[in-house]
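Here is the file protein-v6.cif (mmCIF, C-alpha atoms).
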```
data_start
#
loop_
_atom_site.label_atom_id
_atom_site.label_comp_id
_atom_site.auth_asym_id
_atom_site.auth_seq_id
_atom_site.Cartn_x
_atom_site.Cartn_y
_atom_site.Cartn_z
CA MET D 771 16.57 -56.80 -49.98
CA PRO D 772 18.80 -54.99 -47.45
CA PRO D 773 22.24 -53.98 -48.66
CA LEU D 774 25.12 -56.34 -48.00
CA GLY D 775 26.86 -55.81 -44.67
CA HIS D 776 23.75 -54.48 -42.94
CA SER D 777 21.50 -56.66 -40.88
CA PRO D 778 17.84 -55.76 -40.86
CA LEU D 779 16.48 -54.36 -37.58
CA LEU D 780 13.87 -56.39 -35.88
CA PRO D 781 10.59 -54.57 -35.06
CA GLU D 782 11.36 -54.54 -31.36
CA GLN D 783 14.81 -53.04 -32.09
CA THR D 784 13.52 -50.06 -34.10
CA PRO D 785 14.59 -46.81 -32.35
CA GLN D 786 11.67 -44.73 -31.15
CA ALA D 787 11.75 -41.06 -30.22
CA THR D 788 11.22 -40.46 -26.52
CA ARG D 789 8.00 -38.56 -25.84
CA PRO D 790 8.43 -35.35 -23.80
CA SER D 791 6.84 -35.27 -20.41
CA CYS D 792 3.83 -33.12 -19.59
CA TRP D 793 6.04 -30.61 -17.76
CA GLN D 794 8.36 -30.30 -20.77
CA GLN D 795 5.40 -29.76 -23.07
CA LEU D 796 4.02 -27.10 -20.73
CA CYS D 797 7.34 -25.27 -20.40
CA ARG D 798 8.19 -25.46 -24.12
CA GLY D 799 9.07 -21.99 -25.42
CA TRP D 800 9.71 -20.57 -21.91
CA SER D 801 13.16 -19.38 -20.83
CA ARG D 802 14.54 -19.96 -17.37
CA ASP D 803 14.01 -16.32 -16.40
CA GLN D 804 10.40 -16.42 -17.56
CA LEU D 805 9.77 -19.60 -15.55
CA LEU D 806 11.31 -17.99 -12.47
CA GLN D 807 9.13 -14.90 -12.90
CA LEU D 808 6.07 -17.11 -13.29
CA ILE D 809 6.90 -19.04 -10.12
CA LEU D 810 7.41 -15.83 -8.14
CA LEU D 811 4.15 -14.43 -9.49
CA VAL D 812 2.26 -17.57 -8.46
CA LEU D 813 3.84 -17.41 -4.99
CA GLY D 814 2.86 -13.76 -4.65
CA ILE D 815 -0.73 -14.50 -5.65
CA ALA D 816 -0.82 -17.41 -3.19
CA LEU D 817 0.42 -15.15 -0.36
CA LEU D 818 -2.17 -12.51 -1.29
CA VAL D 819 -4.97 -15.04 -1.30
CA GLY D 820 -3.87 -16.68 1.94
CA GLY D 821 -3.08 -13.49 3.82
CA LEU D 822 -5.85 -11.18 2.62
CA LEU D 823 -8.67 -12.80 0.69
CA LEU D 824 -9.22 -15.83 2.91
CA PRO D 825 -9.54 -13.76 6.12
CA LEU D 826 -11.95 -11.41 4.35
CA LEU D 827 -14.04 -14.33 3.13
CA THR D 828 -14.07 -15.72 6.68
CA MET D 829 -15.30 -12.40 8.03
CA LEU D 830 -17.96 -12.26 5.31
CA GLN D 831 -19.10 -15.74 6.25
CA LYS D 832 -19.33 -14.78 9.94
CA SER D 833 -21.44 -11.75 9.05
CA THR D 834 -24.18 -14.01 7.72
CA LEU D 835 -24.53 -15.83 11.07
CA ASP D 836 -26.28 -14.77 14.26
CA GLU D 837 -24.95 -14.97 17.81
CA ASP D 838 -25.86 -18.66 18.00
CA GLY D 839 -24.05 -19.47 14.75
CA LEU D 840 -27.26 -19.93 12.74
CA TRP D 841 -27.56 -18.80 9.14
CA VAL D 842 -29.47 -15.50 8.83
CA GLY D 843 -28.33 -14.35 5.38
CA LEU D 844 -28.21 -10.56 4.97
CA ALA D 845 -30.29 -9.81 8.04
CA ASN D 846 -27.29 -8.41 9.93
CA PHE D 847 -26.58 -5.99 7.07
CA GLY D 848 -30.21 -4.88 7.06
CA THR D 849 -30.07 -4.19 10.79
CA TYR D 850 -26.90 -2.17 10.34
CA PHE D 851 -28.25 -0.04 7.50
CA ASP D 852 -31.43 0.62 9.46
CA SER D 853 -29.41 2.03 12.36
CA PRO D 854 -30.07 5.74 12.96
CA HIS D 855 -26.35 6.30 13.65
CA LEU D 856 -25.26 5.20 10.17
CA GLY D 857 -25.63 8.64 8.60
CA ARG D 858 -23.63 10.24 11.40
CA THR D 859 -20.91 7.62 11.04
CA ILE D 860 -20.59 8.23 7.29
CA GLY D 861 -20.57 12.00 7.81
CA ASN D 862 -17.83 11.83 10.46
CA THR D 863 -15.76 9.56 8.23
CA LEU D 864 -15.99 11.92 5.25
CA TRP D 865 -15.30 14.95 7.43
CA LEU D 866 -12.19 13.35 8.91
CA GLY D 867 -11.00 12.25 5.48
CA VAL D 868 -11.30 15.75 3.97
CA LEU D 869 -9.74 17.44 7.02
CA ILE D 870 -6.77 15.08 7.27
CA THR D 871 -6.16 15.22 3.50
CA ALA D 872 -6.13 19.03 3.52
CA LEU D 873 -3.83 19.26 6.55
CA VAL D 874 -1.39 16.53 5.52
CA VAL D 875 -1.07 17.60 1.88
CA THR D 876 -0.58 21.25 2.82
CA ILE D 877 2.08 20.56 5.46
CA ALA D 878 3.81 17.87 3.38
CA PHE D 879 3.90 20.13 0.31
CA GLY D 880 5.57 22.95 2.26
CA TYR D 881 8.04 20.48 3.79
CA ALA D 882 8.84 18.89 0.41
CA TYR D 883 9.15 22.30 -1.27
CA ALA D 884 11.67 23.40 1.35
CA LEU D 885 13.71 20.22 0.81
CA THR D 886 13.74 20.39 -3.00
CA ARG D 887 13.46 24.06 -4.02
CA THR D 888 15.31 26.04 -1.34
CA CYS D 889 18.90 26.39 -0.13
CA MET D 890 18.12 25.64 3.52
CA PRO D 891 20.90 23.90 5.46
CA GLY D 892 20.53 20.41 6.86
CA LYS D 893 18.27 19.03 4.15
CA SER D 894 19.42 15.45 4.67
CA LEU D 895 18.69 15.64 8.40
CA PHE D 896 15.21 17.12 7.90
CA ARG D 897 14.44 14.58 5.18
CA LEU D 898 15.42 11.77 7.55
CA ILE D 899 13.28 13.25 10.34
CA GLY D 900 10.28 13.52 8.03
CA LEU D 901 10.54 9.90 6.89
CA ILE D 902 11.40 8.29 10.25
CA PRO D 903 7.73 7.45 11.02
CA LEU D 904 7.84 4.94 8.15
CA LEU D 905 10.24 2.82 10.21
CA MET D 906 8.18 2.95 13.42
CA PRO D 907 5.64 0.30 14.43
CA SER D 908 2.09 1.60 14.10
CA LEU D 909 1.49 1.23 17.85
CA LEU D 910 4.43 3.43 18.87
CA PRO D 911 2.93 6.78 17.70
CA ALA D 912 -0.32 5.99 19.53
CA ILE D 913 1.54 5.26 22.77
CA SER D 914 3.57 8.45 22.33
CA LEU D 915 0.43 10.54 21.90
CA VAL D 916 -1.04 9.07 25.08
CA TYR D 917 2.15 9.84 27.00
CA TRP D 918 2.18 13.40 25.70
CA PHE D 919 -1.49 14.38 25.65
CA GLY D 920 -3.27 11.74 27.76
CA ASN D 921 -5.02 12.33 31.05
CA GLN D 922 -1.63 12.40 32.78
CA GLY D 923 0.36 13.62 29.78
CA ILE D 924 3.06 16.22 30.20
CA ALA D 925 1.66 18.39 27.37
CA LYS D 926 -2.10 17.87 27.74
CA GLY D 927 -2.53 21.60 28.41
CA LEU D 928 -1.66 22.32 24.76
CA LEU D 929 -5.02 20.83 23.69
CA GLY D 930 -6.95 23.63 25.37
CA GLY D 931 -8.85 21.37 27.72
CA GLU D 932 -9.87 18.90 25.00
CA SER D 933 -9.23 15.18 25.37
CA ILE D 934 -6.86 13.22 23.15
CA TYR D 935 -9.41 10.40 23.18
CA GLY D 936 -11.65 11.92 20.52
CA PRO D 937 -11.62 13.73 17.16
CA ILE D 938 -8.44 15.66 17.99
CA GLY D 939 -6.56 12.47 18.76
CA ILE D 940 -7.84 10.82 15.58
CA VAL D 941 -6.73 13.78 13.46
CA ILE D 942 -3.29 13.97 15.08
CA GLY D 943 -2.73 10.22 14.91
CA LEU D 944 -3.83 9.82 11.29
CA GLY D 945 -1.94 12.96 10.28
CA PHE D 946 1.25 11.64 11.86
CA TRP D 947 0.76 8.30 10.09
CA CYS D 948 -0.06 9.76 6.64
CA PHE D 949 2.51 12.56 6.61
CA PRO D 950 5.63 10.55 5.60
CA HIS D 951 3.76 8.80 2.76
CA ALA D 952 2.56 12.11 1.32
CA LEU D 953 6.01 13.63 1.86
CA MET D 954 7.74 10.84 -0.05
CA ILE D 955 5.38 11.23 -3.02
CA LEU D 956 5.71 15.03 -3.11
CA ILE D 957 9.51 14.95 -2.78
CA THR D 958 9.67 12.61 -5.77
CA ALA D 959 7.26 14.75 -7.80
CA LEU D 960 9.00 18.06 -7.06
CA GLY D 961 12.48 16.59 -7.41
CA GLN D 962 11.85 15.09 -10.86
CA SER D 963 9.86 17.95 -12.39
CA ASP D 964 11.45 19.77 -15.33
CA ALA D 965 13.32 22.82 -13.98
CA ARG D 966 13.38 24.40 -17.46
CA LEU D 967 9.68 25.23 -17.13
CA TYR D 968 10.33 27.26 -13.99
CA GLU D 969 13.28 28.99 -15.59
CA ALA D 970 11.18 29.90 -18.63
CA SER D 971 8.49 31.24 -16.33
CA ARG D 972 10.95 33.51 -14.56
CA VAL D 973 12.38 34.71 -17.87
CA LEU D 974 8.88 35.59 -19.08
CA GLY D 975 8.28 37.63 -15.94
CA SER D 976 5.73 35.46 -14.15
CA SER D 977 5.30 35.90 -10.44
CA GLY D 978 6.27 33.21 -7.96
CA TRP D 979 2.65 32.31 -7.13
CA ARG D 980 1.73 31.99 -10.80
CA THR D 981 4.80 29.82 -11.46
#
```
This entry written out as structure tokens:
Amino acid sequence: MPPLGHSPLLPEQTPQATRPSCWQQLCRGWSRDQLLQLILLVLGIALLVGGLLLPLLTMLQKSTLDEDGLWVGLANFGTYFDSPHLGRTIGNTLWLGVLITALVVTIAFGYAYALTRTCMPGKSLFRLIGLIPLLMPSLLPAISLVYWFGNQGIAKGLLGGESIYGPIGIVIGLGFWCFPHALMILITALGQSDARLYEASRVLGSSGWRT
């Protein structure tokens, strides 16, 4: 019997706990910052897939078709690898990579060393000049090289009779494009290295080259 003063609840009047939605169950245990980071991560992955992977997959699909749009599988790749010019292409690519790496790293290291380890005046100006190519469109340096060293360029005589439309132009263009990236990395590395090691080396009598 229910106690006096209390009316029994009918079955349809019994309070029931509201069930959480699927989204609440999925987000249980996640803070607002974590959810925001997850959303940004998903957006970044979506941009990467839409801007990079999908075009690459489209190109890969086109490579399996012939000129008439018919499926040929890997026949195009077989034709390419059977080309007698493939070995020369790979050799030129490796040669250019080694040459540009050696030139850019050497010049950028000397430039970064002067900015971080010497007392030269105007460091801020030279640092800005060295990093300005990062702000330029990629087409602007190419146009500048043509104006300077092209067939009607004002400084084409500096190339010793060689044409800018060849290996020299490729080396100059890639070197100009890679230099600020290498410079930024080397400035950071030399600027954050422990100066106590160099001081200890000088105290112990080591030469500058050994240090």
> Which one is closest to Arg966 of chain D: D:Cys889, D:Gln807, D:Thr981, D:Leu823? Count all atoms listed in the file.
Replying inline: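 Smallest separation from Arg966 of chain D among the options: D:Thr981.
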> atom CA of Ile870 of chain D to atom CA of Met829 of chain D: how many Å, to one decimal?
Replying inline: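 Spanning atom CA of Ile870 of chain D to atom CA of Met829 of chain D is a straight-line distance of 28.8 Å.
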> Which residue gives the smallest distance to Phe879 of chain D among D:Phe949, D:Tyr968, D:Trp979, D:Trp841, with all atoms listed in the file counted?
Replying inline: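 Closest residue, counting all atoms listed in the file: D:Phe949.
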> In terms of the shortest atom-to-atom distance over all atoms listed in the file, which of D:Ile955, D:Val941, D:Leu967, D:Leu817 is closest to Leu873 of chain D?
Replying inline: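 Closest residue, counting all atoms listed in the file: D:Val941.
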> How far is it from atom CA of Gly814 of chain D to atom CA of Ser833 of chain D, in Å with one decimal?
Replying inline: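 Interatomic distance, atom CA of Gly814 of chain D to atom CA of Ser833 of chain D: 28.0 Å.
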> What is the distance, in Å and to one decimal place, between atom CA of Tyr917 of chain D and atom CA of Ala872 of chain D?
Replying inline: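 Here the two named atoms are 26.5 Å from each other.
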>> Selection in question (the file shown): the PyMOL selection byres ((chain D and resi 878) around 12). Which residues does it include, as a PyMOL selection string?
In response: chain D and resi 870-877+879-885+897+900-901+945-946+948-957+960
Please enclose the listed atoms of segment 924-929 of chain D in an axis-aligned box, pad each side by 5 Å, and write out the centre and the three edge lengths in Å, rounded to one decimal, as JSON.
```
{"center_x": -1.0, "center_y": 19.3, "center_z": 26.9, "size_x": 18.1, "size_y": 16.1, "size_z": 16.5}
```
>> Just checking: using all atoms listed in the file, which residue out of D:Gly978, D:Gly939, D:Pro891, D:Gly927 ends up closest to Ser914 of chain D?
In response: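 Closest to Ser914 of chain D, using all atoms listed in the file: D:Gly939.
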>> Give me, as number ranges by chain, all polymer residues having an atom no more than 12 Å from Ile940 of chain D, counting all atoms listed in the file and skipping those fewer than 6 positions away in the same chain.
In response: D: 862-863, 865-867, 869-870, 911-912, 915-916, 933-934, 946-948
> Which residues, written as a list in words, have at least one atom at most 12 Å from Leu844 of chain D, with only C-alpha atoms counted and residues fewer than 3 positions away on the same chain left out?
Replying inline: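 Close residues of Leu844 of chain D: Leu830, Gln831, Lys832, Ser833, Thr834, Leu835, Asp836, Trp841, Phe847, Gly848, Thr849, Tyr850 and Phe851 of chain D.
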Saved selection, atoms kept: C-alpha atoms, as a PDB file, in the coordinates of the input:
```pdb
ATOM      1  CA  LEU D 830     -17.960 -12.260   5.310  1.00  0.00           C
ATOM      2  CA  GLN D 831     -19.100 -15.740   6.250  1.00  0.00           C
ATOM      3  CA  LYS D 832     -19.330 -14.780   9.940  1.00  0.00           C
ATOM      4  CA  SER D 833     -21.440 -11.750   9.050  1.00  0.00           C
ATOM      5  CA  THR D 834     -24.180 -14.010   7.720  1.00  0.00           C
ATOM      6  CA  LEU D 835     -24.530 -15.830  11.070  1.00  0.00           C
ATOM      7  CA  ASP D 836     -26.280 -14.770  14.260  1.00  0.00           C
ATOM      8  CA  TRP D 841     -27.560 -18.800   9.140  1.00  0.00           C
ATOM      9  CA  PHE D 847     -26.580  -5.990   7.070  1.00  0.00           C
ATOM     10  CA  GLY D 848     -30.210  -4.880   7.060  1.00  0.00           C
ATOM     11  CA  THR D 849     -30.070  -4.190  10.790  1.00  0.00           C
ATOM     12  CA  TYR D 850     -26.900  -2.170  10.340  1.00  0.00           C
ATOM     13  CA  PHE D 851     -28.250  -0.040   7.500  1.00  0.00           C
TER      14      PHE D 851
END
```
Model the absent atoms of segment 876-887 of chain D so that all heavy atoms are present, and write the result as a PDB file, keeping the file's coordinate frame.
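Final file, rebuild-v4.pdb:
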```
ATOM      1  N   THR D 876      -1.111  19.896   2.691  1.00  0.00           N
ATOM      2  CA  THR D 876      -0.580  21.250   2.820  1.00  0.00           C
ATOM      3  C   THR D 876       0.770  21.265   3.543  1.00  0.00           C
ATOM      4  O   THR D 876       1.748  21.873   3.082  1.00  0.00           O
ATOM      5  CB  THR D 876      -1.575  22.136   3.574  1.00  0.00           C
ATOM      6  OG1 THR D 876      -2.821  22.155   2.880  1.00  0.00           O
ATOM      7  CG2 THR D 876      -1.051  23.557   3.692  1.00  0.00           C
ATOM      8  N   ILE D 877       0.830  20.582   4.688  1.00  0.00           N
ATOM      9  CA  ILE D 877       2.080  20.560   5.460  1.00  0.00           C
ATOM     10  C   ILE D 877       3.168  19.798   4.706  1.00  0.00           C
ATOM     11  O   ILE D 877       4.325  20.237   4.644  1.00  0.00           O
ATOM     12  CB  ILE D 877       1.829  19.923   6.839  1.00  0.00           C
ATOM     13  CG1 ILE D 877       0.826  20.775   7.628  1.00  0.00           C
ATOM     14  CG2 ILE D 877       3.131  19.795   7.614  1.00  0.00           C
ATOM     15  CD1 ILE D 877       0.413  20.152   8.948  1.00  0.00           C
ATOM     16  N   ALA D 878       2.813  18.665   4.103  1.00  0.00           N
ATOM     17  CA  ALA D 878       3.810  17.870   3.380  1.00  0.00           C
ATOM     18  C   ALA D 878       4.317  18.613   2.145  1.00  0.00           C
ATOM     19  O   ALA D 878       5.510  18.501   1.810  1.00  0.00           O
ATOM     20  CB  ALA D 878       3.216  16.525   2.982  1.00  0.00           C
ATOM     21  N   PHE D 879       3.445  19.385   1.483  1.00  0.00           N
ATOM     22  CA  PHE D 879       3.900  20.130   0.310  1.00  0.00           C
ATOM     23  C   PHE D 879       4.904  21.200   0.718  1.00  0.00           C
ATOM     24  O   PHE D 879       5.947  21.385   0.062  1.00  0.00           O
ATOM     25  CB  PHE D 879       2.725  20.769  -0.414  1.00  0.00           C
ATOM     26  CG  PHE D 879       3.125  21.552  -1.628  1.00  0.00           C
ATOM     27  CD1 PHE D 879       3.351  20.914  -2.834  1.00  0.00           C
ATOM     28  CD2 PHE D 879       3.287  22.929  -1.565  1.00  0.00           C
ATOM     29  CE1 PHE D 879       3.738  21.634  -3.965  1.00  0.00           C
ATOM     30  CE2 PHE D 879       3.672  23.648  -2.676  1.00  0.00           C
ATOM     31  CZ  PHE D 879       3.898  23.002  -3.878  1.00  0.00           C
ATOM     32  N   GLY D 880       4.616  21.944   1.799  1.00  0.00           N
ATOM     33  CA  GLY D 880       5.570  22.950   2.260  1.00  0.00           C
ATOM     34  C   GLY D 880       6.889  22.326   2.686  1.00  0.00           C
ATOM     35  O   GLY D 880       7.974  22.863   2.396  1.00  0.00           O
ATOM     36  N   TYR D 881       6.826  21.183   3.349  1.00  0.00           N
ATOM     37  CA  TYR D 881       8.040  20.480   3.790  1.00  0.00           C
ATOM     38  C   TYR D 881       8.843  20.002   2.581  1.00  0.00           C
ATOM     39  O   TYR D 881      10.062  20.173   2.517  1.00  0.00           O
ATOM     40  CB  TYR D 881       7.623  19.300   4.664  1.00  0.00           C
ATOM     41  CG  TYR D 881       8.681  18.803   5.617  1.00  0.00           C
ATOM     42  CD1 TYR D 881       8.660  19.144   6.959  1.00  0.00           C
ATOM     43  CD2 TYR D 881       9.705  17.975   5.164  1.00  0.00           C
ATOM     44  CE1 TYR D 881       9.617  18.668   7.840  1.00  0.00           C
ATOM     45  CE2 TYR D 881      10.667  17.500   6.039  1.00  0.00           C
ATOM     46  CZ  TYR D 881      10.621  17.854   7.373  1.00  0.00           C
ATOM     47  OH  TYR D 881      11.585  17.391   8.237  1.00  0.00           O
ATOM     48  N   ALA D 882       8.153  19.393   1.603  1.00  0.00           N
ATOM     49  CA  ALA D 882       8.840  18.890   0.410  1.00  0.00           C
ATOM     50  C   ALA D 882       9.392  20.042  -0.434  1.00  0.00           C
ATOM     51  O   ALA D 882      10.472  19.925  -1.014  1.00  0.00           O
ATOM     52  CB  ALA D 882       7.880  18.043  -0.422  1.00  0.00           C
ATOM     53  N   TYR D 883       8.660  21.151  -0.503  1.00  0.00           N
ATOM     54  CA  TYR D 883       9.150  22.300  -1.270  1.00  0.00           C
ATOM     55  C   TYR D 883      10.422  22.858  -0.646  1.00  0.00           C
ATOM     56  O   TYR D 883      11.369  23.232  -1.356  1.00  0.00           O
ATOM     57  CB  TYR D 883       8.068  23.385  -1.316  1.00  0.00           C
ATOM     58  CG  TYR D 883       8.373  24.508  -2.263  1.00  0.00           C
ATOM     59  CD1 TYR D 883       7.969  24.439  -3.595  1.00  0.00           C
ATOM     60  CD2 TYR D 883       9.066  25.643  -1.844  1.00  0.00           C
ATOM     61  CE1 TYR D 883       8.254  25.478  -4.477  1.00  0.00           C
ATOM     62  CE2 TYR D 883       9.351  26.672  -2.705  1.00  0.00           C
ATOM     63  CZ  TYR D 883       8.943  26.592  -4.026  1.00  0.00           C
ATOM     64  OH  TYR D 883       9.225  27.605  -4.898  1.00  0.00           O
ATOM     65  N   ALA D 884      10.473  22.905   0.682  1.00  0.00           N
ATOM     66  CA  ALA D 884      11.670  23.400   1.350  1.00  0.00           C
ATOM     67  C   ALA D 884      12.862  22.475   1.109  1.00  0.00           C
ATOM     68  O   ALA D 884      14.005  22.938   0.989  1.00  0.00           O
ATOM     69  CB  ALA D 884      11.406  23.538   2.846  1.00  0.00           C
ATOM     70  N   LEU D 885      12.611  21.171   1.012  1.00  0.00           N
ATOM     71  CA  LEU D 885      13.710  20.220   0.810  1.00  0.00           C
ATOM     72  C   LEU D 885      14.208  20.200  -0.627  1.00  0.00           C
ATOM     73  O   LEU D 885      15.372  19.856  -0.866  1.00  0.00           O
ATOM     74  CB  LEU D 885      13.260  18.812   1.212  1.00  0.00           C
ATOM     75  CG  LEU D 885      12.991  18.567   2.697  1.00  0.00           C
ATOM     76  CD1 LEU D 885      12.505  17.142   2.909  1.00  0.00           C
ATOM     77  CD2 LEU D 885      14.228  18.833   3.531  1.00  0.00           C
ATOM     78  N   THR D 886      13.364  20.539  -1.584  1.00  0.00           N
ATOM     79  CA  THR D 886      13.740  20.390  -3.000  1.00  0.00           C
ATOM     80  C   THR D 886      13.969  21.714  -3.717  1.00  0.00           C
ATOM     81  O   THR D 886      14.685  21.732  -4.715  1.00  0.00           O
ATOM     82  CB  THR D 886      12.656  19.606  -3.751  1.00  0.00           C
ATOM     83  OG1 THR D 886      11.389  20.271  -3.604  1.00  0.00           O
ATOM     84  CG2 THR D 886      12.539  18.190  -3.200  1.00  0.00           C
ATOM     85  N   ARG D 887      13.394  22.807  -3.256  1.00  0.00           N
ATOM     86  CA  ARG D 887      13.460  24.060  -4.020  1.00  0.00           C
ATOM     87  C   ARG D 887      14.116  25.213  -3.262  1.00  0.00           C
ATOM     88  O   ARG D 887      14.072  26.343  -3.744  1.00  0.00           O
ATOM     89  CB  ARG D 887      12.037  24.482  -4.426  1.00  0.00           C
ATOM     90  CG  ARG D 887      11.337  23.454  -5.307  1.00  0.00           C
ATOM     91  CD  ARG D 887      12.066  23.288  -6.630  1.00  0.00           C
ATOM     92  NE  ARG D 887      11.487  22.237  -7.426  1.00  0.00           N
ATOM     93  CZ  ARG D 887      10.416  22.395  -8.205  1.00  0.00           C
ATOM     94  NH1 ARG D 887       9.805  23.562  -8.254  1.00  0.00           N
ATOM     95  NH2 ARG D 887       9.959  21.371  -8.902  1.00  0.00           N
TER      96      ARG D 887
END
```
